[in-house]
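J.: Just dropping this structure here.
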Amino acid sequence: MGLFSKNWSKELERAESFLERDLPVPALEIAERAERKAEPDLRAQAAGIVLRARSALLTSVLAKAEAAEAAGDFEDAADWLLSAFEQESSEVRRSELKARRQALLDRQFESESPFVVQSESLTVTAEGELDTVDIDFEYETLVSMLKETVRSHYADRPVEFKQALVDLNQGRAAEALALFDRLVEEGVDDAFLDLERGRANLLIGEAGAARDHLEAAWETLGDDALDEHGQLLVPVLWAEAALAEGDPAAVADRLEALALPGEGHVDTCRCYAEALLAGGRKEEAAAYLERLTSRVRGSAELDLLLARTLASTGRAAEAIVGLEASLAPSCKAGGCSTSAVHLPSFRFAAQLQLGPSGDADRAREWIARVANAQGGLLGAEDHSILADYYEVSGDPEASRDAAAEAQRLEAAGSGAVSAVDFELGSGRQRVL
């Protein structure tokens with residue numbers, strides 16, 4: 001079947017079947033393609049599947065990270081967290097994942113060093129009681145990031161709460177939730193416990209429970225950021241839970257007054273735009289994001305979301321120009337600085353260039369940049385884009401090979417990659 005002649009209604013049914021079988025990777029790849037290639041009336045459905053598939057994929061990757069950590073393979077766990085970081089759109093949770101990954105790498109270094117004496121910050125006795133070993137330093141470090149008016153609510157907390165907060169911010173969400181639940185059984189009940197339980201539920205993929213806890217926290221804690229850096233907002237966490245639960249209409253309704261372009265917090269605005277898009281209000285989402293990105297510069301997530309939205313409304317040519325303009329400052333002379341790499345944007349730039357409004361040679365350059373940024377490695381999604389490139393370029397054999405490799409990597413599981421040797425193009429320097 002040709003590249004532009006797929007039955008996208010059937011493809012989306014196939015994506016739904018993958019989700020039902022807990023196979024988020026192929027579901028995501030199908031839905032993302034449908035989002036940019038399907039008939040206009042199917043793109044909103046595709047956008048909803050994309051959100052659910054990303055949430056499922058994130059849950060799967062985090063579970064694998066926790067399993068690797070539990071087995072003592074900190075380096076492998078850190079690799080899984082890197083995959084989760086790439087899938088996550090929330091800046092708050094990206095920061096959490098980054099901190100957790102660094103903690104795992106530090107533990108890996110310590111475990112390999114003959115000069116470091118290992119010790120646990122907290123242990124459990126045979127009777128199931130927590131030993132009160134000093135964890136105050138780690139806890140106070142986390143609390144110091146909160147606003148001064150919030151810190152007092154974290155003072156004089158029981159040791160279970162302290163350990164749970166440390167666990168949560170180091171990525172051990174399931175362990176944290178067990179401790180938080182234990183405190184509830186003991187009669188502890190306040191908005192900050194609701195907040196932390198909601199964050200833990202969100203990280204392990206329990207969107208419904210997260211939404212309930214965060215709803216309760218929101219009523220008491222309000223709309224403002226709780227931390228000094230302005231990244232911890234209850235409305236944003238609630239919105240992410242509601243979006244993961246598949247309720248974009250509620251998110252759009254609740255966030256509308258908080259997401260005024262130029263006034264609302266960037267993450268609140270992003271969630272509002274995602275809700276408009278997932279709810280089928282694509283034209284509204286496009287107009288809103290155009291106003292927003294004219295005021296908020298340099299947000300890779302917003303620039304990518306605008307490009308996806310424009311493409312979904314049939315404005316692929318504008319999406320190409322806008323997205324490449326946002327990426328160009330870090331990608332001059334055929335190369336990109338690693339500090340500025342945003343792989344989801346690179347991939348979507350390649351996908352856009354493979355459409356009717358694009359340039360296949362330019363798509364090839366973006367695929368090469370993805371390979372370069374990953375040290376010469378491509379995953380299943382990357383090989384799938386490469387298969388499209390070869391098909392558009394008139395090389396069906398190479399397209400079949402790339403598609404087969406994509407399927408092989410899908411079967412191998414999330415995070416599976418294979419090495420490639422890629423060049424930017426004729427007359428250009430090699431990137432690998």
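By convention in this document, the chains of the structure tokens carry letters A, B, ... by their order, each chain's residues are numbered from 1, and ligands are numbered from 1 in the order they are shown.
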Would you mind listing what lies within 8 Å of range 402-406 of chain A as a short mmCIF file (atom, residue, chain, number, x, y, z; two decimals) with C-alpha atoms, in the first residue's frame, with only C-alpha atoms counted and same-chain residues fewer than 3 positions away left out?

T.:
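Wrote result39.cif, looks like this:
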```
data_model
loop_
_atom_site.label_atom_id
_atom_site.label_comp_id
_atom_site.auth_asym_id
_atom_site.auth_seq_id
_atom_site.Cartn_x
_atom_site.Cartn_y
_atom_site.Cartn_z
CA GLY A 379 15.05 3.37 17.89
CA ALA A 380 11.88 1.87 16.44
CA GLU A 381 10.23 5.24 15.82
CA ASP A 382 13.38 6.53 14.11
CA HIS A 383 13.60 3.52 11.79
CA SER A 384 9.92 3.94 10.96
CA LEU A 386 13.57 6.31 7.92
CA ALA A 387 11.32 3.79 6.16
CA ALA A 398 15.55 0.13 1.74
CA SER A 399 12.10 1.16 2.99
CA LEU A 409 13.02 -3.09 17.75
CA GLU A 410 9.35 -2.77 18.73
#
```

J.: From the set A:Arg369, A:Arg297, A:Lys147, A:His342, which residue has the shortest atom-to-atom contact distance to Glu86 in chain A, counting only C-alpha atoms?

T.: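 For Glu86 in chain A, the nearest of the given residues is A:His342.
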
J.: Tell me, in Å to one decimal, how far CA of Trp238 in chain A is from CA of Asp194 in chain A.

T.: 11.5 Å

J.: Quick one: residues within 9 Å of range 254-257 of chain A, only C-alpha atoms, excluding same-chain residues fewer than 3 positions away - as a list in words?

T.: Pro235, Val236, Ala239, Ala249, Ala250, Val251, Leu260, Gly264, Thr268, Cys269, Cys271 and Tyr272 of chain A

J.: Using Å and a single decimal, report how far CA of Phe180 in chain A sits from CA of Leu243 in chain A.

T.: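 Interatomic distance, CA of Leu243 in chain A to CA of Phe180 in chain A: 24.1 Å.
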
J.: Applying 12 Å and only C-alpha atoms, which residues near Arg182 in chain A remain after dropping the ones on its own chain fewer than 3 positions away? List them as an NGL selection string.

T.: :A and (128-130 or 158-161 or 164 or 175-179 or 185-189 or 193 or 197)

J.: Could you turn the residues from that selection into a file that holds N, CA and C atoms, as a PDB file, in the first residue's frame?

T.:
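Final output, saved to part-v3.pdb:
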```pdb
ATOM      1  N   GLY A 128       8.232  -4.717  60.674  1.00  0.00           N
ATOM      2  CA  GLY A 128       7.643  -3.829  59.690  1.00  0.00           C
ATOM      3  C   GLY A 128       7.688  -2.364  60.063  1.00  0.00           C
ATOM      4  N   GLU A 129       8.387  -2.015  61.147  1.00  0.00           N
ATOM      5  CA  GLU A 129       8.483  -0.615  61.562  1.00  0.00           C
ATOM      6  C   GLU A 129       9.704   0.035  60.929  1.00  0.00           C
ATOM      7  N   LEU A 130       9.585   1.317  60.634  1.00  0.00           N
ATOM      8  CA  LEU A 130      10.700   2.052  60.044  1.00  0.00           C
ATOM      9  C   LEU A 130      11.713   2.431  61.103  1.00  0.00           C
ATOM     10  N   PRO A 158       6.220  13.210  60.250  1.00  0.00           N
ATOM     11  CA  PRO A 158       6.760  11.918  60.716  1.00  0.00           C
ATOM     12  C   PRO A 158       7.794  11.377  59.730  1.00  0.00           C
ATOM     13  N   VAL A 159       8.599  10.453  60.200  1.00  0.00           N
ATOM     14  CA  VAL A 159       9.679   9.928  59.388  1.00  0.00           C
ATOM     15  C   VAL A 159       9.157   9.230  58.137  1.00  0.00           C
ATOM     16  N   GLU A 160       7.963   8.620  58.219  1.00  0.00           N
ATOM     17  CA  GLU A 160       7.394   7.975  57.037  1.00  0.00           C
ATOM     18  C   GLU A 160       7.154   8.995  55.922  1.00  0.00           C
ATOM     19  N   PHE A 161       6.671  10.166  56.291  1.00  0.00           N
ATOM     20  CA  PHE A 161       6.413  11.207  55.301  1.00  0.00           C
ATOM     21  C   PHE A 161       7.728  11.673  54.673  1.00  0.00           C
ATOM     22  N   ALA A 164       9.021   9.025  52.357  1.00  0.00           N
ATOM     23  CA  ALA A 164       8.179   8.951  51.165  1.00  0.00           C
ATOM     24  C   ALA A 164       8.498  10.087  50.201  1.00  0.00           C
ATOM     25  N   GLU A 175       6.966   2.916  46.173  1.00  0.00           N
ATOM     26  CA  GLU A 175       7.358   2.853  47.588  1.00  0.00           C
ATOM     27  C   GLU A 175       6.848   4.077  48.340  1.00  0.00           C
ATOM     28  N   ALA A 176       6.929   5.244  47.698  1.00  0.00           N
ATOM     29  CA  ALA A 176       6.444   6.471  48.331  1.00  0.00           C
ATOM     30  C   ALA A 176       4.954   6.387  48.594  1.00  0.00           C
ATOM     31  N   LEU A 177       4.204   5.892  47.608  1.00  0.00           N
ATOM     32  CA  LEU A 177       2.756   5.822  47.762  1.00  0.00           C
ATOM     33  C   LEU A 177       2.365   4.877  48.901  1.00  0.00           C
ATOM     34  N   ALA A 178       3.089   3.785  49.039  1.00  0.00           N
ATOM     35  CA  ALA A 178       2.790   2.856  50.133  1.00  0.00           C
ATOM     36  C   ALA A 178       2.952   3.531  51.488  1.00  0.00           C
ATOM     37  N   LEU A 179       3.998   4.354  51.627  1.00  0.00           N
ATOM     38  CA  LEU A 179       4.214   5.072  52.882  1.00  0.00           C
ATOM     39  C   LEU A 179       3.160   6.156  53.096  1.00  0.00           C
ATOM     40  N   GLU A 185      -3.847   5.756  56.805  1.00  0.00           N
ATOM     41  CA  GLU A 185      -4.422   4.763  57.701  1.00  0.00           C
ATOM     42  C   GLU A 185      -4.215   5.140  59.159  1.00  0.00           C
ATOM     43  N   GLU A 186      -3.138   5.865  59.422  1.00  0.00           N
ATOM     44  CA  GLU A 186      -2.843   6.286  60.791  1.00  0.00           C
ATOM     45  C   GLU A 186      -3.528   7.593  61.154  1.00  0.00           C
ATOM     46  N   GLY A 187      -4.319   8.147  60.231  1.00  0.00           N
ATOM     47  CA  GLY A 187      -5.102   9.331  60.562  1.00  0.00           C
ATOM     48  C   GLY A 187      -4.561  10.647  60.056  1.00  0.00           C
ATOM     49  N   VAL A 188      -3.450  10.634  59.316  1.00  0.00           N
ATOM     50  CA  VAL A 188      -2.916  11.878  58.749  1.00  0.00           C
ATOM     51  C   VAL A 188      -3.756  12.243  57.528  1.00  0.00           C
ATOM     52  N   ASP A 189      -4.218  13.476  57.459  1.00  0.00           N
ATOM     53  CA  ASP A 189      -5.079  13.886  56.352  1.00  0.00           C
ATOM     54  C   ASP A 189      -4.968  15.395  56.167  1.00  0.00           C
ATOM     55  N   LEU A 193      -0.546  16.176  51.905  1.00  0.00           N
ATOM     56  CA  LEU A 193      -0.501  14.728  51.717  1.00  0.00           C
ATOM     57  C   LEU A 193      -1.276  14.354  50.450  1.00  0.00           C
ATOM     58  N   ARG A 197       0.460  12.387  47.372  1.00  0.00           N
ATOM     59  CA  ARG A 197      -0.148  11.131  46.908  1.00  0.00           C
ATOM     60  C   ARG A 197      -0.546  11.248  45.437  1.00  0.00           C
TER      61      ARG A 197
END
```

J.: At a cut-off of 8 Å, can you tabulate as a Markdown table every residue of range 237-334 of chain A near range 29-50 of chain A together with its closest atom pair and the distance in Å to one decimal, using only C-alpha atoms and ordering rows by chain then number?

T.:
```
| residue | atom | partner | partner_atom | distance |
| --- | --- | --- | --- | --- |
| A:Gly246 | CA | A:Gly48 | CA | 7.4 |
| A:Leu277 | CA | A:Ala44 | CA | 6.8 |
| A:Ala278 | CA | A:Gly48 | CA | 5.0 |
| A:Gly279 | CA | A:Ala44 | CA | 6.9 |
| A:Gly280 | CA | A:Ala44 | CA | 4.8 |
| A:Lys282 | CA | A:Ala44 | CA | 7.5 |
| A:Arg308 | CA | A:Arg36 | CA | 7.5 |
| A:Ala311 | CA | A:Arg36 | CA | 5.8 |
| A:Ser312 | CA | A:Arg36 | CA | 5.6 |
| A:Thr313 | CA | A:Pro40 | CA | 6.8 |
| A:Gly314 | CA | A:Pro40 | CA | 7.5 |
```
